[in-house]
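Quick notes on the structure that follows.
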Amino acid sequence: ADIPPVLSGADPRSVLHHVFGYSAFRPGQERIIEHLLAGEHVLAVMPTGGGKSLCYQIPAILSDGVTVIVSPLVALMDDQVAALNANGVAAVGIHSGMDREVQLEAWEAVKRGEVKIVYMSPERLMSGRMLAALGELKIAMFIIDEAHCVSKWGVSFRPEYEMLSQLKERFSGVTFGAFTATADAATREDIARKLFPDSGTTIVQGFDRPNLKLAAAPKNAWRGQLLDFLADKGGESGIVYCLSRKFTEEVAAFLSGEGFNAIAYHAGQDAAARKTGQDRFMSEDAVIMVATIAFGMGIDKPDIRYVCHLNLPGSVEAYYQEIGRAGRDGAPAETLMLYGLDDIRMRRMFIDDDGEDQEHKRREHKRLDALLAYCEAPSCRRKALLAYFDEEIEACGNCDNCIDPPTLVDGTRHAQMLLSAVYRTGQVFGTAHVIDVVRGAETQKILERGHDSLPTFGVGADQSKQYWQAFVRQLVAGGALSINIRRYGCLEITEEGADILRGKRGFEFRDPQITTKRDRRKK
Ligand code: ADP
Ligand code: ZN
């Protein structure tokens, strides 16, 4: 077996990053982990696919001693053990589907203290000999997966699971965690009563946060867009997230100049400055924290009324986690995400520069694609967001697209113009140049390369630069164009783009909201 990883001093987030390779917690995960690490019994109800495993695997990795995970499904157990081993975590399974010697070998490793996580079927665990043997070891936690099987009220009661209720007397000092995707209130009570030695916490985590208003928009003039967003939020506190430290300073300075109480916060500041900023955010009224994602972990301020992203977040998970810091008190809170082509380029670059694991990169690019699809969602945004987490809802009525539905127009002709300009300039130029060609700008670059004699030169002169930028973004989001980071972010035509160019498929375009309310007011 593997040597248990030495992770003393590590925190849940770094385990999430370095052991599991994920960028952010899913809704509810962090809270559950914190409870378990604090030694409190937890019953967690979380949708399937919500990421229950990490909620107990991370505390198990961070705790002294071995964690016993009871799971009813042998196949699932083997999968989990294999996945943990692949991530360098010392885990074994012990169940009747395994050869006797293999079971014995696994058990010996547990006894030698070489194993952090042991998966067992309830029958194996509840034998007198096993319980006695476990009594000799340092047990960090007992985790009961599919905990609804404990309850007669549950949908799939299992007698061997009911025996688990004997654990609490035998191991009274040990932390218990119970996890299930399906348990109504009565079942939950029953589970807690059966499993927990004394009082525990029940955490029910659906993904929907109906009090959060969702909105996203292309970033064209962030100052005006931000001021618009803040216009009706006098007296309230919120967070403005930026990607870079420098940008937080710039935005905070801008807002201060506009008369707001804004604080910059990032990991480049010394501890004292960060502490002061955090204290001010917690205690003063109407504070705007302009921060990198370094800010937010462990911030327990229930009345954060808004979160604005001035750059694209790292993933849908990160986005969800960051907006989730608003409105924890359940009262209405507003969110706005502004995203630009630069952001997309930057994110792609981060991914490409992150190590050598090609498979990992491919997955991360896919994740980013999912986020972009959310950005450009043509209908209910919450529906799109929850669909990502496999939760289905009706249109919500509390997002930008529900309140002010975007118009979809046939953009096939314009898509063809743009794609043709990309094609005819050899797919070696970035967005700015391609748009200059389409709009017929006589820049030096265009004249030098003779691009003013291309048939597509100036065919789109009647549309603004912003229009074409939005168009490129949607073509990228829709998978018709890709931005090649290896070659200075030049635009390349995909299979899908080629089909549009050849007239084999059309392109629906979301009318961009290029002018902000502010610009409109000025007119
Ligand atoms: P559940 O047991 O709740 O049905 P799992 O624990 O099997 O869900 O997790 C479902 C999927 O989500 C797994 O592929 C897991 O790796 C992934 N996952 C869990 N947490 C995260 C996270 N924070 N970020 C990204 N992916 C995650
Ligand atoms: Zn909606």
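Chains: A, B, ... in order of the structure tokens. Residues: from 1 per chain. Ligands: from 1, in order shown.
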Cut-off 7 Å, only C-alpha atoms and all ligand atoms, neighbours of ligand 2 as a list in words: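 So, counting only C-alpha atoms and all ligand atoms, the residues near ligand 2 are Cys380, Arg381, Arg382, Lys383, Ala395, Cys396, Gly397, Asn398, Cys399, Asp400, Asn401 and Cys402 of chain A.
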All residues 8 Å or closer to Thr456 of chain A, only C-alpha atoms, same chain fewer than 5 positions away omitted, as a PyMOL selection string: chain A and resi 417+420-421+437-438
Could you take the residues named above and write them with C-alpha atoms, as a CSV table (one decimal), in the first residue's frame?
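Wrote selection.csv, looks like this:
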```csv
chain,number,residue,atom,x,y,z
A,417,MET,CA,-18.3,37.2,-43.3
A,420,SER,CA,-14.3,34.1,-44.3
A,421,ALA,CA,-12.1,36.9,-43.1
A,437,VAL,CA,-10.6,43.5,-42.0
A,438,VAL,CA,-14.3,43.0,-41.8
```
Residues near Ala477 of chain A, cut-off 7 Å, only C-alpha atoms, skip fewer than 2 positions along chain, as a PDB file with N, CA and C atoms, in the first residue's frame:
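Writing the result to part-v5.pdb gives the following:
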```pdb
ATOM      1  N   ASP A 369     -15.127  25.843 -21.450  1.00  0.00           N
ATOM      2  CA  ASP A 369     -16.181  25.905 -22.458  1.00  0.00           C
ATOM      3  C   ASP A 369     -17.554  25.919 -21.797  1.00  0.00           C
ATOM      4  N   LEU A 372     -18.263  29.310 -20.564  1.00  0.00           N
ATOM      5  CA  LEU A 372     -18.578  30.236 -21.661  1.00  0.00           C
ATOM      6  C   LEU A 372     -19.993  29.999 -22.167  1.00  0.00           C
ATOM      7  N   ALA A 373     -20.370  28.749 -22.209  1.00  0.00           N
ATOM      8  CA  ALA A 373     -21.735  28.441 -22.639  1.00  0.00           C
ATOM      9  C   ALA A 373     -22.738  29.065 -21.668  1.00  0.00           C
ATOM     10  N   ARG A 473     -16.951  36.414 -29.871  1.00  0.00           N
ATOM     11  CA  ARG A 473     -17.096  35.720 -28.595  1.00  0.00           C
ATOM     12  C   ARG A 473     -18.130  34.608 -28.688  1.00  0.00           C
ATOM     13  N   GLN A 474     -19.220  34.930 -29.369  1.00  0.00           N
ATOM     14  CA  GLN A 474     -20.267  33.915 -29.469  1.00  0.00           C
ATOM     15  C   GLN A 474     -19.864  32.790 -30.411  1.00  0.00           C
ATOM     16  N   LEU A 475     -19.121  33.139 -31.433  1.00  0.00           N
ATOM     17  CA  LEU A 475     -18.618  32.073 -32.312  1.00  0.00           C
ATOM     18  C   LEU A 475     -17.642  31.177 -31.541  1.00  0.00           C
ATOM     19  N   GLY A 479     -18.365  27.333 -30.345  1.00  0.00           N
ATOM     20  CA  GLY A 479     -17.475  26.301 -30.868  1.00  0.00           C
ATOM     21  C   GLY A 479     -17.197  26.387 -32.357  1.00  0.00           C
TER      22      GLY A 479
END
```
Non-local contacts of Phe507 of chain A (8 Å; only C-alpha atoms; under 3 positions in same chain excluded) as a list in words: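 Contacts, in chain order: Asp410, Gly411, Thr412, Ala415 and Ile500 of chain A.
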Filtering to C-alpha atoms, could you give me those residues as a compact mmCIF listing (two decimals), in the first residue's frame?
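Writing the result to out.txt gives the following:
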```txt
# COMPACT_ATOMS: atom_id res chain seq x y z
CA ASP A 410 -30.13 34.77 -37.55
CA GLY A 411 -26.45 35.57 -37.63
CA THR A 412 -25.49 33.16 -40.38
CA ALA A 415 -20.82 34.56 -39.22
CA ILE A 500 -21.22 27.52 -41.25
```
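Here atom CA of Val251 of chain A is placed at a distance of 7.0 Å from atom CA of Val290 of chain A.
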Test item: residues lying within 7 Å of ligand 1 with only C-alpha atoms and all ligand atoms, as a list in words: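 With only C-alpha atoms and all ligand atoms and a cut-off of 7 Å, ligand 1 is contacted by Tyr22, Ser23, Ala24, Phe25, Arg26, Met46, Pro47, Thr48, Gly49, Gly50, Gly51, Lys52, Ser53, Leu54 and Glu317 of chain A.
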Keeping only C-alpha atoms, write those residues as a tab-separated table (two decimals), in the first residue's frame.
```tsv
chain	number	residue	atom	x	y	z
A	22	TYR	CA	-10.03	20.79	-8.56
A	23	SER	CA	-10.12	24.56	-8.47
A	24	ALA	CA	-13.05	25.23	-6.17
A	25	PHE	CA	-15.46	23.55	-3.83
A	26	ARG	CA	-18.91	22.66	-4.96
A	46	MET	CA	-26.68	16.42	-1.20
A	47	PRO	CA	-27.87	15.74	-4.72
A	48	THR	CA	-26.37	12.86	-6.67
A	49	GLY	CA	-23.29	14.06	-8.47
A	50	GLY	CA	-22.97	16.85	-5.96
A	51	GLY	CA	-19.60	15.61	-4.82
A	52	LYS	CA	-20.30	13.85	-1.55
A	53	SER	CA	-17.15	11.73	-1.68
A	54	LEU	CA	-14.78	14.67	-1.36
A	317	GLU	CA	-17.70	25.70	-9.74
```
Residue contacts of Ala432 of chain A (10 Å, only C-alpha atoms) excluding same-chain residues fewer than 6 positions away, as a list of chain:residue names: A:Lys465, A:Trp468, A:Gln469, A:Cys490
Residue contacts of His35 of chain A (12 Å, only C-alpha atoms) excluding same-chain residues fewer than 5 positions away, as a count of residues only: 20
Long-range neighbours of Val409 of chain A as a PyMOL selection string, 10 Å cut-off, only C-alpha atoms, 3 positions minimum in chain: chain A and resi 406+412+507-511
Segment 161-299 of chain A: residues DSSP assigns to strand (DSSP E), reported as number ranges by chain: A: 175-180, 201-204, 212-213, 216-218, 238-241, 261-265, 287-291
Selected residues written out with N, CA and C atoms, as an mmCIF file, in the first residue's frame:
```cif
data_model
loop_
_atom_site.group_PDB
_atom_site.id
_atom_site.type_symbol
_atom_site.label_atom_id
_atom_site.label_comp_id
_atom_site.auth_asym_id
_atom_site.auth_seq_id
_atom_site.Cartn_x
_atom_site.Cartn_y
_atom_site.Cartn_z
ATOM 1 N N THR A 175 -15.895 10.680 15.416
ATOM 2 C CA THR A 175 -16.796 11.529 14.634
ATOM 3 C C THR A 175 -17.542 10.693 13.595
ATOM 4 N N PHE A 176 -18.840 10.920 13.492
ATOM 5 C CA PHE A 176 -19.663 10.204 12.519
ATOM 6 C C PHE A 176 -20.143 11.151 11.419
ATOM 7 N N GLY A 177 -20.038 10.671 10.201
ATOM 8 C CA GLY A 177 -20.608 11.413 9.084
ATOM 9 C C GLY A 177 -21.560 10.507 8.333
ATOM 10 N N ALA A 178 -22.716 11.023 7.970
ATOM 11 C CA ALA A 178 -23.672 10.231 7.207
ATOM 12 C C ALA A 178 -24.034 11.003 5.952
ATOM 13 N N PHE A 179 -24.073 10.315 4.818
ATOM 14 C CA PHE A 179 -24.315 10.996 3.544
ATOM 15 C C PHE A 179 -25.427 10.312 2.768
ATOM 16 N N THR A 180 -26.282 11.116 2.185
ATOM 17 C CA THR A 180 -27.327 10.561 1.343
ATOM 18 C C THR A 180 -27.811 11.613 0.351
ATOM 19 N N THR A 201 -25.135 17.748 13.337
ATOM 20 C CA THR A 201 -25.690 18.788 12.481
ATOM 21 C C THR A 201 -26.211 18.152 11.201
ATOM 22 N N THR A 202 -27.381 18.573 10.765
ATOM 23 C CA THR A 202 -27.880 18.118 9.479
ATOM 24 C C THR A 202 -27.716 19.242 8.464
ATOM 25 N N ILE A 203 -27.058 18.935 7.364
ATOM 26 C CA ILE A 203 -26.850 19.942 6.323
ATOM 27 C C ILE A 203 -27.528 19.454 5.051
ATOM 28 N N VAL A 204 -28.523 20.198 4.617
ATOM 29 C CA VAL A 204 -29.223 19.830 3.392
ATOM 30 C C VAL A 204 -28.776 20.793 2.302
ATOM 31 N N LEU A 212 -30.504 34.641 -5.078
ATOM 32 C CA LEU A 212 -29.448 35.312 -5.843
ATOM 33 C C LEU A 212 -29.944 35.642 -7.240
ATOM 34 N N LYS A 213 -29.924 36.912 -7.577
ATOM 35 C CA LYS A 213 -30.239 37.274 -8.949
ATOM 36 C C LYS A 213 -28.995 37.051 -9.792
ATOM 37 N N ALA A 216 -25.125 38.062 -16.364
ATOM 38 C CA ALA A 216 -23.792 38.070 -16.968
ATOM 39 C C ALA A 216 -23.873 38.909 -18.223
ATOM 40 N N ALA A 217 -22.797 39.595 -18.525
ATOM 41 C CA ALA A 217 -22.805 40.438 -19.719
ATOM 42 C C ALA A 217 -21.398 40.579 -20.254
ATOM 43 N N PRO A 218 -21.309 40.754 -21.570
ATOM 44 C CA PRO A 218 -19.988 41.018 -22.132
ATOM 45 C C PRO A 218 -19.433 42.306 -21.543
ATOM 46 N N GLY A 238 -20.675 44.639 -0.565
ATOM 47 C CA GLY A 238 -20.543 43.575 -1.551
ATOM 48 C C GLY A 238 -19.101 43.354 -1.942
ATOM 49 N N ILE A 239 -18.925 42.409 -2.846
ATOM 50 C CA ILE A 239 -17.575 42.051 -3.305
ATOM 51 C C ILE A 239 -17.469 42.266 -4.804
ATOM 52 N N VAL A 240 -16.373 42.854 -5.234
ATOM 53 C CA VAL A 240 -16.062 42.930 -6.658
ATOM 54 C C VAL A 240 -14.815 42.083 -6.884
ATOM 55 N N TYR A 241 -14.957 41.014 -7.661
ATOM 56 C CA TYR A 241 -13.822 40.118 -7.886
ATOM 57 C C TYR A 241 -13.053 40.482 -9.148
ATOM 58 N N ASN A 261 -16.882 53.591 -0.698
ATOM 59 C CA ASN A 261 -15.982 53.092 0.332
ATOM 60 C C ASN A 261 -15.424 51.752 -0.142
ATOM 61 N N ALA A 262 -14.348 51.821 -0.918
ATOM 62 C CA ALA A 262 -13.824 50.603 -1.552
ATOM 63 C C ALA A 262 -12.453 50.236 -1.000
ATOM 64 N N ILE A 263 -12.237 48.941 -0.805
ATOM 65 C CA ILE A 263 -10.970 48.432 -0.281
ATOM 66 C C ILE A 263 -10.400 47.414 -1.264
ATOM 67 N N ALA A 264 -9.114 47.530 -1.552
ATOM 68 C CA ALA A 264 -8.477 46.484 -2.364
ATOM 69 C C ALA A 264 -7.972 45.378 -1.445
ATOM 70 N N TYR A 265 -8.066 44.152 -1.908
ATOM 71 C CA TYR A 265 -7.630 43.000 -1.089
ATOM 72 C C TYR A 265 -7.029 41.949 -2.007
ATOM 73 N N VAL A 287 -19.462 48.804 2.412
ATOM 74 C CA VAL A 287 -18.073 48.627 1.977
ATOM 75 C C VAL A 287 -18.048 47.768 0.726
ATOM 76 N N ILE A 288 -17.208 48.169 -0.207
ATOM 77 C CA ILE A 288 -16.999 47.328 -1.377
ATOM 78 C C ILE A 288 -15.610 46.712 -1.291
ATOM 79 N N MET A 289 -15.575 45.393 -1.213
ATOM 80 C CA MET A 289 -14.300 44.702 -1.190
ATOM 81 C C MET A 289 -13.928 44.409 -2.630
ATOM 82 N N VAL A 290 -12.847 45.000 -3.104
ATOM 83 C CA VAL A 290 -12.383 44.725 -4.461
ATOM 84 C C VAL A 290 -11.222 43.755 -4.335
ATOM 85 N N ALA A 291 -11.452 42.506 -4.702
ATOM 86 C CA ALA A 291 -10.534 41.458 -4.266
ATOM 87 C C ALA A 291 -10.238 40.439 -5.349
#
```
